[in-house]
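As stored in upload-v9.pdb (PDB, C-alpha atoms, pLDDT in the B column):
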ATOM      1  CA  HIS A  10      30.888  -1.686   0.052  1.00 49.00           C
ATOM      2  CA  HIS A  11      28.953  -0.859  -3.080  1.00 49.00           C
ATOM      3  CA  THR A  12      28.424  -4.510  -4.029  1.00 50.00           C
ATOM      4  CA  ARG A  13      27.104  -5.399  -0.579  1.00 48.00           C
ATOM      5  CA  GLN A  14      24.620  -2.496  -0.685  1.00 48.00           C
ATOM      6  CA  THR A  15      23.355  -3.604  -4.097  1.00 46.00           C
ATOM      7  CA  ILE A  16      22.839  -7.164  -2.849  1.00 47.00           C
ATOM      8  CA  LEU A  17      20.982  -5.904   0.238  1.00 48.00           C
ATOM      9  CA  THR A  18      18.735  -3.700  -1.873  1.00 46.00           C
ATOM     10  CA  GLU A  19      17.922  -6.560  -4.243  1.00 43.00           C
ATOM     11  CA  THR A  20      17.161  -8.889  -1.337  1.00 44.00           C
ATOM     12  CA  MET A  21      14.950  -6.306   0.338  1.00 46.00           C
ATOM     13  CA  SER A  22      12.981  -5.578  -2.830  1.00 52.00           C
ATOM     14  CA  LYS A  23      12.094  -9.286  -3.140  1.00 63.00           C
ATOM     15  CA  ASP A  24      10.240  -9.226   0.189  1.00 75.00           C
ATOM     16  CA  PRO A  25       6.474  -9.277  -0.304  1.00 82.00           C
ATOM     17  CA  PHE A  26       4.810  -5.912   0.368  1.00 87.00           C
ATOM     18  CA  TRP A  27       2.847  -7.341   3.317  1.00 85.00           C
ATOM     19  CA  SER A  28       5.980  -8.665   5.049  1.00 87.00           C
ATOM     20  CA  LYS A  29       6.525  -5.526   7.156  1.00 92.00           C
ATOM     21  CA  PRO A  30       4.600  -2.533   8.569  1.00 93.00           C
ATOM     22  CA  ARG A  31       3.808   0.117   5.947  1.00 93.00           C
ATOM     23  CA  THR A  32       2.897   3.801   5.866  1.00 94.00           C
ATOM     24  CA  ILE A  33       0.078   5.465   3.935  1.00 93.00           C
ATOM     25  CA  LYS A  34       2.719   6.881   1.575  1.00 94.00           C
ATOM     26  CA  GLU A  35       4.120   3.402   0.883  1.00 94.00           C
ATOM     27  CA  PHE A  36       0.615   2.062   0.190  1.00 93.00           C
ATOM     28  CA  ALA A  37      -0.108   4.965  -2.169  1.00 93.00           C
ATOM     29  CA  ARG A  38       3.136   4.257  -4.063  1.00 93.00           C
ATOM     30  CA  TYR A  39       2.363   0.496  -4.069  1.00 91.00           C
ATOM     31  CA  TYR A  40      -1.026   1.098  -5.690  1.00 91.00           C
ATOM     32  CA  GLY A  41       0.225   3.960  -7.872  1.00 91.00           C
ATOM     33  CA  VAL A  42      -2.297   6.460  -6.513  1.00 93.00           C
ATOM     34  CA  ASP A  43      -2.386   9.668  -4.481  1.00 93.00           C
ATOM     35  CA  ARG A  44      -2.389   9.361  -0.670  1.00 93.00           C
ATOM     36  CA  ARG A  45      -5.899  10.863  -0.577  1.00 93.00           C
ATOM     37  CA  THR A  46      -7.169   8.285  -3.060  1.00 94.00           C
ATOM     38  CA  PHE A  47      -5.754   5.459  -0.944  1.00 93.00           C
ATOM     39  CA  LEU A  48      -7.375   6.947   2.194  1.00 91.00           C
ATOM     40  CA  LYS A  49     -10.727   7.032   0.365  1.00 92.00           C
ATOM     41  CA  TRP A  50     -10.329   3.382  -0.575  1.00 92.00           C
ATOM     42  CA  ILE A  51      -9.769   2.333   3.039  1.00 92.00           C
ATOM     43  CA  SER A  52     -12.642   4.422   4.385  1.00 91.00           C
ATOM     44  CA  CYS A  53     -15.075   1.715   3.211  1.00 88.00           C
ATOM     45  CA  PRO A  54     -17.147  -0.145   5.879  1.00 89.00           C
ATOM     46  CA  THR A  55     -14.892  -3.222   5.741  1.00 89.00           C
ATOM     47  CA  LEU A  56     -11.696  -1.290   6.522  1.00 90.00           C
ATOM     48  CA  LYS A  57     -13.077   1.660   8.512  1.00 83.00           C
ATOM     49  CA  ASP A  58     -11.431   0.454  11.750  1.00 86.00           C
ATOM     50  CA  VAL A  59      -8.057  -0.225  10.122  1.00 90.00           C
ATOM     51  CA  ARG A  60      -5.956   2.792  11.032  1.00 86.00           C
ATOM     52  CA  PRO A  61      -2.195   3.227  11.301  1.00 84.00           C
ATOM     53  CA  GLU A  62      -0.844   2.275  14.711  1.00 74.00           C
ATOM     54  CA  ARG A  63       0.664   5.219  16.570  1.00 74.00           C
ATOM     55  CA  GLY A  64      -0.682   7.308  13.709  1.00 76.00           C
ATOM     56  CA  TYR A  65       2.007   6.268  11.244  1.00 86.00           C
ATOM     57  CA  TYR A  66       2.499   2.579  10.407  1.00 93.00           C
ATOM     58  CA  PHE A  67      -0.063  -0.069   9.543  1.00 93.00           C
ATOM     59  CA  SER A  68       0.893  -3.327  11.295  1.00 92.00           C
ATOM     60  CA  VAL A  69       1.707  -6.427   9.216  1.00 92.00           C
ATOM     61  CA  ASN A  70      -1.771  -7.824  10.034  1.00 92.00           C
ATOM     62  CA  GLN A  71      -3.414  -4.557   8.938  1.00 93.00           C
ATOM     63  CA  VAL A  72      -1.346  -4.547   5.727  1.00 93.00           C
ATOM     64  CA  LYS A  73      -2.599  -8.088   5.009  1.00 92.00           C
ATOM     65  CA  LEU A  74      -6.221  -7.054   5.710  1.00 92.00           C
ATOM     66  CA  ILE A  75      -5.962  -4.102   3.325  1.00 93.00           C
ATOM     67  CA  ILE A  76      -4.353  -6.149   0.541  1.00 92.00           C
ATOM     68  CA  ASN A  77      -6.906  -8.951   1.014  1.00 91.00           C
ATOM     69  CA  HIS A  78      -9.686  -6.388   0.623  1.00 91.00           C
ATOM     70  CA  LEU A  79      -8.234  -4.194  -2.151  1.00 90.00           C
ATOM     71  CA  GLY A  80      -6.237  -6.853  -3.984  1.00 85.00           C
ATOM     72  CA  SER A  81      -2.561  -6.658  -4.888  1.00 82.00           C
ATOM     73  CA  ASN A  82      -1.241  -3.719  -6.892  1.00 74.00           C
ATOM     74  CA  GLU A  83      -1.218  -5.873 -10.034  1.00 65.00           C
ATOM     75  CA  GLU A  84      -4.930  -6.681  -9.755  1.00 58.00           C
ATOM     76  CA  ILE A  85      -6.106  -3.207  -8.828  1.00 51.00           C
ATOM     77  CA  LYS A  86      -4.359  -1.151 -11.519  1.00 48.00           C
ATOM     78  CA  ILE A  87      -6.712  -2.326 -14.271  1.00 42.00           C
ATOM     79  CA  GLU A  88      -9.897  -2.180 -12.166  1.00 44.00           C
ATOM     80  CA  GLU A  89      -9.337   1.238 -10.649  1.00 44.00           C
ATOM     81  CA  LYS A  90      -8.267   2.985 -13.839  1.00 44.00           C
ATOM     82  CA  THR A  91     -11.660   2.177 -15.336  1.00 45.00           C
ATOM     83  CA  THR A  92     -13.831   2.793 -12.268  1.00 47.00           C
ATOM     84  CA  GLN A  93     -12.062   5.900 -10.901  1.00 48.00           C
ATOM     85  CA  VAL A  94     -13.079   8.153 -13.800  1.00 49.00           C
ATOM     86  CA  THR A  95     -15.449  10.832 -12.525  1.00 52.00           C
ATOM     87  CA  VAL A  96     -16.850  13.406 -14.914  1.00 56.00           C
ATOM     88  CA  TYR A  97     -18.052  16.641 -13.365  1.00 58.00           C
ATOM     89  CA  PRO A  98     -20.653  18.718 -15.241  1.00 56.00           C
TER
END

Translate the structure described by the file into structure tokens.
Amino acid sequence: HHTRQTILTETMSKDPFWSKPRTIKEFARYYGVDRRTFLKWISCPTLKDVRPERGYYFSVNQVKLIINHLGSNEEIKIEEKTTQVTVYP
């Protein structure tokens, strides 16, 4: 049993992120940010109409749209760490 579970987990983790519907929480974990930060990112004019279907999951097409706009998690980590710094007086 244990071996089969390990194989399944390894197979599943090799699936590309965009290969199935995703939640806001999964996106936040994918990009390594807070859920609120991710929601701010997708509130831009390009993605303003992309909202989770039935209030919970983004469809595969929506996931692809978001990743096409924001970039993959590998690309965004460097960019966002430098541009997200906000200093309040």

In terms of only C-alpha atoms, the residue from A:Ser68, A:Ser52, A:Lys73, A:Gly80 at minimal distance from Pro30 in chain A is A:Ser68

Name the residues captured by the PyMOL selection byres ((chain A and resi 66) around 8) when it is applied to the shown file; answer as a VMD selection string. chain A and resid 30 to 33 61 to 65 67 to 68

For C-alpha atoms, I'd like the residues from the last selection saved as a compact mmCIF listing (two decimals), in the frame of the given file.
# COMPACT_ATOMS: atom_id res chain seq x y z
CA PRO A 30 4.60 -2.53 8.57
CA ARG A 31 3.81 0.12 5.95
CA THR A 32 2.90 3.80 5.87
CA ILE A 33 0.08 5.46 3.94
CA PRO A 61 -2.19 3.23 11.30
CA GLU A 62 -0.84 2.28 14.71
CA ARG A 63 0.66 5.22 16.57
CA GLY A 64 -0.68 7.31 13.71
CA TYR A 65 2.01 6.27 11.24
CA PHE A 67 -0.06 -0.07 9.54
CA SER A 68 0.89 -3.33 11.30

Quote the spacing between CA of Val72 in chain A and CA of Trp27 in chain A in Å to one decimal place.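 We find that CA of Val72 in chain A and CA of Trp27 in chain A lie 5.6 Å from each other.
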
Name the residues that the PyMOL selection byres ((chain A and resi 51) around 12) picks from the file above, as a list of chain:residue names, using the file's chain letters and numbers. A:Ile33, A:Phe36, A:Ala37, A:Arg44, A:Arg45, A:Thr46, A:Phe47, A:Leu48, A:Lys49, A:Trp50, A:Ser52, A:Cys53, A:Pro54, A:Thr55, A:Leu56, A:Lys57, A:Asp58, A:Val59, A:Arg60, A:Pro61, A:Phe67, A:Gln71, A:Val72, A:Leu74, A:Ile75, A:Ile76, A:Asn77, A:His78, A:Leu79

Could you save those same residues with C-alpha atoms as a PDB file, keeping the file's coordinate frame?
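Written file, part.pdb:
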ATOM      1  CA  ILE A  33       0.078   5.465   3.935  1.00 93.00           C
ATOM      2  CA  PHE A  36       0.615   2.062   0.190  1.00 93.00           C
ATOM      3  CA  ALA A  37      -0.108   4.965  -2.169  1.00 93.00           C
ATOM      4  CA  ARG A  44      -2.389   9.361  -0.670  1.00 93.00           C
ATOM      5  CA  ARG A  45      -5.899  10.863  -0.577  1.00 93.00           C
ATOM      6  CA  THR A  46      -7.169   8.285  -3.060  1.00 94.00           C
ATOM      7  CA  PHE A  47      -5.754   5.459  -0.944  1.00 93.00           C
ATOM      8  CA  LEU A  48      -7.375   6.947   2.194  1.00 91.00           C
ATOM      9  CA  LYS A  49     -10.727   7.032   0.365  1.00 92.00           C
ATOM     10  CA  TRP A  50     -10.329   3.382  -0.575  1.00 92.00           C
ATOM     11  CA  SER A  52     -12.642   4.422   4.385  1.00 91.00           C
ATOM     12  CA  CYS A  53     -15.075   1.715   3.211  1.00 88.00           C
ATOM     13  CA  PRO A  54     -17.147  -0.145   5.879  1.00 89.00           C
ATOM     14  CA  THR A  55     -14.892  -3.222   5.741  1.00 89.00           C
ATOM     15  CA  LEU A  56     -11.696  -1.290   6.522  1.00 90.00           C
ATOM     16  CA  LYS A  57     -13.077   1.660   8.512  1.00 83.00           C
ATOM     17  CA  ASP A  58     -11.431   0.454  11.750  1.00 86.00           C
ATOM     18  CA  VAL A  59      -8.057  -0.225  10.122  1.00 90.00           C
ATOM     19  CA  ARG A  60      -5.956   2.792  11.032  1.00 86.00           C
ATOM     20  CA  PRO A  61      -2.195   3.227  11.301  1.00 84.00           C
ATOM     21  CA  PHE A  67      -0.063  -0.069   9.543  1.00 93.00           C
ATOM     22  CA  GLN A  71      -3.414  -4.557   8.938  1.00 93.00           C
ATOM     23  CA  VAL A  72      -1.346  -4.547   5.727  1.00 93.00           C
ATOM     24  CA  LEU A  74      -6.221  -7.054   5.710  1.00 92.00           C
ATOM     25  CA  ILE A  75      -5.962  -4.102   3.325  1.00 93.00           C
ATOM     26  CA  ILE A  76      -4.353  -6.149   0.541  1.00 92.00           C
ATOM     27  CA  ASN A  77      -6.906  -8.951   1.014  1.00 91.00           C
ATOM     28  CA  HIS A  78      -9.686  -6.388   0.623  1.00 91.00           C
ATOM     29  CA  LEU A  79      -8.234  -4.194  -2.151  1.00 90.00           C
TER      30      LEU A  79
END
